[in-house]
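Colleague: Pasting a structure here, questions to come.
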Amino acid sequence: MSTEFAQKSHDALVDPKLQLAIYTSTARLKQNRIDAVSPAALPDYQELRAQANAIKKHTIDNLDHYLEELESNVAAHGGKVVYCKDGTEVSDFILNLAKERGAHLIVKSKSMTTEEVDLNERLEHHGLESVETDLGEYILQLAHERPYHIVAPALHMTRYQVADLFERELHAPREIVIEKQTALARSVLREKFLAADIGISGANFLVADSGAVVIVENEGNARLTTSAPKIHIAVAGIEKVIPRAQDLATFLKLLARSATGQLLSVYTSFLSGPRREGEIDGPEEFYVVLLDNGRTRLLPDKGKRQSLFCIRCGACLNTCPVYRKIGGHSFPWVYSGPIGAILTPQFMGTQHEPALPFASSLCGACGEVCPVKIDIPKVLLDLRSEVKKSDAREGRNRLEKLGFRLFAWLMTHPPLFEMAGRIARSMGWPTSRKGPLGAWLSERDLPPLPAHSFREMWRRR
Amino acid sequence: MGRRVSLFVTCMVDQLFPQVGMAMADVLERAGYQVDFPENQTCCGQPAFNSGYRAEARTVARHFLDTFESSEAIVVPSGSCTAMVVHHFAELFHKEPGTLARVHSLEKRVWEFCTFLTEVAGVDDVGARFDRVVTFHDGCHGLRELGVKDAPRRLLARVRGLELREMVPAEECCGFGGTFAVKFAELSGAMARTKIEAIERTGAQTVVSADPSCLMQIQGALTRAGSHIGTLHLAEVLASR
């Protein structure tokens, strides 16, 4: 385990205010989801999950076909698809376009994909102003933090912390009433919307058969971002494509319910192409940036590529007993929780944080709530095996490997297993606080040792 | 199916909680079964499998296959170990068609203890008496990989003198997770304390579970916290008179 991961997890665990904030926020989201997908509220929930899984599997199996279909349909509506290999290509494209159009101010709606490639930092580095317009994201941009959660980015912050931040950064009187904080942010952001040259959004779905970008949100800021400025750029991972508009009937029923427990988000926008003749609003230029950033590396593995089915609802985070303890910022990349634990090693390589796939009790709650049925525990197990194979190749963790070889040998020699147990019991529990027993004892007591093993008792029965 | 069962007591029960194995044998015998204990048994291999050591897990799994080749029904006092055999052995041997066929035959014969009683033996009432207020902890693997939810509650409902009070949330992990408990000790301990808070809110005197490893974690954390709440395996409750 890297010291950074260990330290951040520890810091979160010993911060009572943070623990309370994470636990209560996730508890609310978790319960909302349970109610929204209950048999009374959504009788065909399990069928919808199976359907969503089948659509995603089919799409990822035929990704090239659907991306081409999307591209030609976006073009048919007067938009343009741009393929980008990584964050540099995304920012180069946007910077060039901004230069050609003389653009300076960018408004952004919430997008995890742009967080992946640190888009704001890249654009600001070249003198552009890029403003987040989702309230949570705006708070985090002012605080110079990355999202704590996939759908509730500022979940860890209390209104008092936001009050301090706004007072410091916006030079406004300290305000602790949430509605008034929102009004303050809105007044700042409204001016940005009106003055912005470019709007950058993410995408929840890219519909191949209609060339549409579909965005769900609750604040209306994505709708403004994509319609007020003259240029709209949607940045999305290539896995966001779905074949048909009618598939949305499945996904939209699942997404908001899984994320927040809402039946639908407040706004669902279908954006296909720039403003057409006779229309009174909408951008003059419309671009869909399709980002790879490592996604194609997942495609050859038929088991693990199910990780690309994710629709970023965050349900696995809210239900995960590990996320609910160590929180979002302990995780080593933008994606946190169970989905982060399987995406990060695959996007960044297992050595980015080799402990990550092991930081799970394998309780399976994540797989149970995943609306597209990603078998997260199975992928974690596969990744664990990959980490150990790479350890063996590179000669790391030799002692642990030796320990498990000894374990396997003992477990295939029952008389020796019995003898080892007898000797260990006669010696009593070691008192040393080093090694695995020390780690156990740091948090818990050990059970009293029995006088005899089961097999000894059975023989005497 | 004949009225004969083999016990797979698991390495943990064998070495640390033998009374759980004895209680399980007792309950099965009272349900009319002839019980045997194949002496060659050791472990299902899950510690190695969950730690990423597939070759070592395969070695232990192969030993399990050999040991229980001729058993008609194998009953296990752990949802987690049962799930290892029923769900993960096949993955370990997916490149060995011959062994895979043996695994598939084995999968149908391995039973988690509660499920065996309610589904195979067809008994909900084993004639037990236990005069205490208890709460039941669902082991995650039994719950989510095997769907063990109703069986233990049906069994507990028929125990005379027993009052079951469900904890909220009942389905949250106790934080054991095998080597997770020692690799991420502080985190695992924090998860256990959250579990204990849920247990204490019920006012129960005893925590019952069908998974010995969860019980070791919960009991260890309860004792450390100075609590007087005890833990028992469901088999021990069912064997009580």
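In the structure tokens, chains take the letters A, B, ... in the order shown, each chain's residues start at 1, and ligands count up from 1 in the order shown.
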Please, which residues of chain A lie no more than 7 Å from chain B when the count uses only C-alpha atoms, and can they be set out as a PyMOL selection string?

Modeller: chain A and resi 321+358-364+381+384-385+388+404-405+408+411-412+414+421+436+439-440+443-447+449-450+453-455

Colleague: Could you pull out all residues of region 147-371 of chain A with a DSSP call of strand (DSSP E or B) and give them as a short mmCIF file (atom, residue, chain, number, x, y, z; two decimals) with C-alpha atoms, in the first residue's frame?

Modeller:
data_model
loop_
_atom_site.label_atom_id
_atom_site.label_comp_id
_atom_site.auth_asym_id
_atom_site.auth_seq_id
_atom_site.Cartn_x
_atom_site.Cartn_y
_atom_site.Cartn_z
CA ILE A 198 -17.90 28.18 -25.20
CA GLY A 199 -19.96 25.73 -23.19
CA ILE A 200 -18.40 22.38 -22.29
CA SER A 201 -20.56 19.54 -21.04
CA PHE A 205 -25.55 8.89 -23.18
CA LEU A 206 -24.62 9.26 -26.83
CA VAL A 207 -27.38 7.89 -28.99
CA ALA A 212 -27.91 12.90 -29.88
CA VAL A 213 -26.11 13.81 -26.69
CA VAL A 214 -28.27 13.09 -23.65
CA ILE A 215 -27.58 14.91 -20.39
CA VAL A 216 -29.41 14.47 -17.10
CA GLU A 217 -29.11 17.04 -14.31
CA ILE A 231 -20.20 26.84 -29.22
CA HIS A 232 -21.12 23.63 -27.42
CA ILE A 233 -18.54 20.91 -26.90
CA ALA A 234 -19.65 17.65 -25.29
CA VAL A 235 -16.74 15.61 -23.96
CA ALA A 236 -17.55 11.94 -23.41
CA GLY A 237 -15.84 8.58 -23.08
CA VAL A 241 -22.64 5.35 -26.80
CA ILE A 242 -25.91 3.39 -26.83
CA TYR A 267 -33.84 18.06 -16.52
CA THR A 268 -33.21 15.53 -19.28
CA SER A 269 -31.77 17.22 -22.36
CA PHE A 270 -31.58 15.69 -25.83
CA LEU A 271 -29.09 17.68 -27.86
CA GLU A 285 -21.38 25.05 -33.46
CA PHE A 286 -21.75 21.57 -31.93
CA TYR A 287 -18.89 19.17 -31.25
CA VAL A 288 -18.81 15.74 -29.67
CA VAL A 289 -15.35 14.91 -28.36
CA LEU A 290 -14.97 11.16 -27.98
CA LEU A 291 -12.25 10.38 -25.50
#

Colleague: Considering only C-alpha atoms, state which residue in the set A:Leu123, A:Ile150, A:Ile280, A:Leu135 is at the smallest distance from Ile178 (chain A).

Modeller: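 The closest residue to Ile178 (chain A) is A:Leu135.
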
Colleague: Considering only C-alpha atoms, return as a list in words whatever protein or nucleic-acid residues lie within 10 Å of Ile94 (chain A), sequence-local ones (same chain, fewer than 2 positions apart) excluded.

Modeller: Thr88, Glu89, Val90, Ser91, Asp92, Asn96, Leu97, Ala98, Lys99, Glu100, Ala103, Leu119, Leu123, Ile198, Ile200, Ile233 and Val289 of chain A

Colleague: Give me, as CSV, each residue of region 95-196 of chain B that comes within 7 Å of region 203-211 of chain B, together with its shortest interatomic pair and the distance in Å at one decimal, counting only C-alpha atoms, with rows ordered by chain and rising residue number.

Modeller:
residue,atom,partner,partner_atom,distance
B:Arg132,CA,B:Gln205,CA,6.7
B:Val133,CA,B:Ala204,CA,4.9
B:Val134,CA,B:Thr206,CA,4.8
B:Thr135,CA,B:Val207,CA,5.1
B:Phe136,CA,B:Val208,CA,4.8
B:His137,CA,B:Ser209,CA,5.0
B:Asp138,CA,B:Ser209,CA,6.4
B:Gly139,CA,B:Asp211,CA,5.9
B:Arg165,CA,B:Ala204,CA,6.9

Colleague: Put those residues in a file: C-alpha atoms, as a PDB file, in the first residue's frame.

Modeller:
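Output (again_33.pdb):
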ATOM      1  CA  ARG B 132     -32.641 -15.084  25.000  1.00  0.00           C
ATOM      2  CA  VAL B 133     -33.091 -12.013  22.857  1.00  0.00           C
ATOM      3  CA  VAL B 134     -30.904 -12.384  19.774  1.00  0.00           C
ATOM      4  CA  THR B 135     -30.107 -10.464  16.609  1.00  0.00           C
ATOM      5  CA  PHE B 136     -29.012 -12.129  13.381  1.00  0.00           C
ATOM      6  CA  HIS B 137     -26.025 -11.049  11.292  1.00  0.00           C
ATOM      7  CA  ASP B 138     -26.178 -11.964   7.600  1.00  0.00           C
ATOM      8  CA  GLY B 139     -22.771 -13.043   6.333  1.00  0.00           C
ATOM      9  CA  ARG B 165     -34.725  -8.458  16.881  1.00  0.00           C
TER      10      ARG B 165
END

Colleague: Kindly give the distance, in Å, that separates CA of Asp164 (chain A) and CA of Tyr23 (chain A), rounded to a single decimal.

Modeller: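 Pair CA of Asp164 (chain A) / CA of Tyr23 (chain A) returns 22.4 Å.
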
Colleague: Give the alpha helix (DSSP H) residues of region 93-340 of chain A, as DSSP finds them on the backbone, and put them as an MDAnalysis selection string.

Modeller: chainID A and resid 93:101 112:116 119:125 135:143 159:170 178:195 221:227 248:259 295:298 315:319 323:326 337:340

Colleague: May I have the selected residues written with C-alpha atoms, as a compact mmCIF listing (two decimals), in the first residue's frame?

Modeller:
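Okay, again-v2.txt is ready:
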# COMPACT_ATOMS: atom_id res chain seq x y z
CA PHE A 93 -8.62 20.72 -29.81
CA ILE A 94 -10.40 23.14 -27.47
CA LEU A 95 -7.45 25.56 -27.33
CA ASN A 96 -7.18 25.70 -31.13
CA LEU A 97 -10.89 26.24 -31.51
CA ALA A 98 -10.86 28.97 -28.84
CA LYS A 99 -7.96 30.67 -30.59
CA GLU A 100 -9.66 30.55 -34.00
CA ARG A 101 -12.93 31.93 -32.58
CA MET A 112 -16.35 13.27 -14.65
CA THR A 113 -14.70 12.64 -18.02
CA THR A 114 -13.19 16.12 -18.08
CA GLU A 115 -12.05 15.60 -14.45
CA GLU A 116 -10.24 12.51 -15.70
CA LEU A 119 -9.34 19.83 -18.38
CA ASN A 120 -9.83 23.01 -16.33
CA GLU A 121 -6.19 23.11 -15.30
CA ARG A 122 -5.05 22.53 -18.88
CA LEU A 123 -7.24 25.32 -20.24
CA GLU A 124 -6.40 27.76 -17.48
CA HIS A 125 -2.73 27.06 -18.02
CA LEU A 135 -23.11 24.07 -7.62
CA GLY A 136 -21.09 21.26 -6.07
CA GLU A 137 -18.44 21.46 -8.76
CA TYR A 138 -18.30 25.25 -8.44
CA ILE A 139 -17.70 24.92 -4.70
CA LEU A 140 -14.90 22.44 -5.36
CA GLN A 141 -13.34 24.63 -8.04
CA LEU A 142 -13.19 27.49 -5.55
CA ALA A 143 -11.72 25.12 -2.94
CA ARG A 159 -22.72 24.38 4.70
CA TYR A 160 -20.47 26.02 7.28
CA GLN A 161 -17.39 25.10 5.28
CA VAL A 162 -19.12 26.43 2.15
CA ALA A 163 -19.94 29.65 4.02
CA ASP A 164 -16.26 30.14 4.89
CA LEU A 165 -15.23 29.37 1.32
CA PHE A 166 -17.72 31.78 -0.30
CA GLU A 167 -16.79 34.51 2.15
CA ARG A 168 -13.12 34.07 1.30
CA GLU A 169 -13.38 33.53 -2.45
CA LEU A 170 -16.43 35.58 -3.45
CA ILE A 178 -28.11 26.85 1.90
CA GLU A 179 -30.75 28.57 -0.27
CA LYS A 180 -28.94 31.89 0.12
CA GLN A 181 -25.60 30.28 -0.67
CA THR A 182 -27.19 28.88 -3.83
CA ALA A 183 -28.56 32.29 -4.75
CA LEU A 184 -25.13 33.82 -4.30
CA ALA A 185 -23.51 31.24 -6.57
CA ARG A 186 -26.28 31.67 -9.08
CA SER A 187 -25.78 35.43 -9.29
CA VAL A 188 -22.10 34.94 -10.03
CA LEU A 189 -22.68 32.12 -12.50
CA ARG A 190 -25.52 33.82 -14.38
CA GLU A 191 -23.11 36.51 -15.55
CA LYS A 192 -20.68 33.84 -16.67
CA PHE A 193 -23.36 32.05 -18.70
CA LEU A 194 -24.30 35.27 -20.50
CA ALA A 195 -20.71 36.18 -21.28
CA ASN A 221 -26.95 24.60 -15.52
CA ALA A 222 -26.19 21.96 -18.14
CA ARG A 223 -29.07 23.24 -20.25
CA LEU A 224 -27.68 26.77 -20.04
CA THR A 225 -24.13 25.57 -20.68
CA THR A 226 -25.19 23.78 -23.84
CA SER A 227 -27.50 26.45 -25.23
CA LEU A 248 -33.09 5.37 -23.08
CA ALA A 249 -36.40 4.00 -21.84
CA THR A 250 -34.34 1.44 -19.97
CA PHE A 251 -31.43 3.59 -18.84
CA LEU A 252 -33.36 6.68 -17.77
CA LYS A 253 -35.57 4.53 -15.54
CA LEU A 254 -32.47 3.21 -13.80
CA LEU A 255 -30.05 6.13 -13.69
CA ALA A 256 -31.77 8.70 -11.46
CA ARG A 257 -33.34 6.06 -9.24
CA SER A 258 -29.94 4.49 -8.62
CA ALA A 259 -28.17 7.81 -8.16
CA ARG A 295 -10.64 2.79 -22.54
CA THR A 296 -9.60 0.77 -25.59
CA ARG A 297 -7.00 -0.96 -23.41
CA LEU A 298 -9.89 -2.60 -21.55
CA ALA A 315 -24.96 3.73 -6.20
CA CYS A 316 -21.97 1.50 -5.49
CA LEU A 317 -20.28 4.30 -3.56
CA ASN A 318 -23.32 5.00 -1.40
CA THR A 319 -23.74 1.37 -0.44
CA TYR A 323 -16.29 4.21 0.74
CA ARG A 324 -18.54 5.21 3.63
CA LYS A 325 -15.52 5.05 5.93
CA ILE A 326 -12.55 6.31 3.92
CA GLY A 337 -15.57 3.77 -4.36
CA PRO A 338 -16.00 0.29 -5.84
CA ILE A 339 -16.17 1.51 -9.44
CA GLY A 340 -13.02 3.55 -8.86

Colleague: For a test of reading the model, state the distance in Å between CA of Val387 (chain A) and CA of His352 (chain A), rounded to one decimal.

Modeller: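 Answer for the CA of Val387 (chain A) to CA of His352 (chain A) separation: 10.8 Å.
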
Colleague: Grab the CA of His156 (chain A) to CA of Leu18 (chain A) distance for me, in Å with one decimal place.

Modeller: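 Interatomic distance, CA of His156 (chain A) to CA of Leu18 (chain A): 6.4 Å.
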
Colleague: Applying 12 Å and only C-alpha atoms, which residues near Ser6 (chain B) remain after dropping the ones on its own chain fewer than 3 positions away? List them as a ChimeraX atom specification.

Modeller: /B:2-3,9,21,24-25,28-29,33-41,67-77,109-111,113,116

Colleague: As a ChimeraX atom specification, please: the residues near Gly328 (chain A) (cut-off 6 Å, only C-alpha atoms, same-chain neighbours under 3 positions excluded).

Modeller: /A:148-149,331,336

Colleague: Show me, as a list of chain:residue names, the residues that have an atom within 7 Å of region 197-199 of chain B when counting only C-alpha atoms, minus same-chain residues fewer than 6 positions from it.

Modeller: B:Met167, B:Val168, B:Pro169

Colleague: Can you spit out the residues from that selection as a PDB file, in the first residue's frame, using N, CA and C atoms?

Modeller:
ATOM      1  N   MET B 167     -31.405  -6.101  13.331  1.00  0.00           N
ATOM      2  CA  MET B 167     -30.619  -4.869  13.428  1.00  0.00           C
ATOM      3  C   MET B 167     -30.778  -4.068  12.131  1.00  0.00           C
ATOM      4  N   VAL B 168     -30.612  -2.773  12.251  1.00  0.00           N
ATOM      5  CA  VAL B 168     -30.715  -1.893  11.080  1.00  0.00           C
ATOM      6  C   VAL B 168     -29.406  -1.109  10.930  1.00  0.00           C
ATOM      7  N   PRO B 169     -28.678  -1.272   9.818  1.00  0.00           N
ATOM      8  CA  PRO B 169     -28.977  -2.180   8.715  1.00  0.00           C
ATOM      9  C   PRO B 169     -28.417  -3.576   9.008  1.00  0.00           C
TER      10      PRO B 169
END
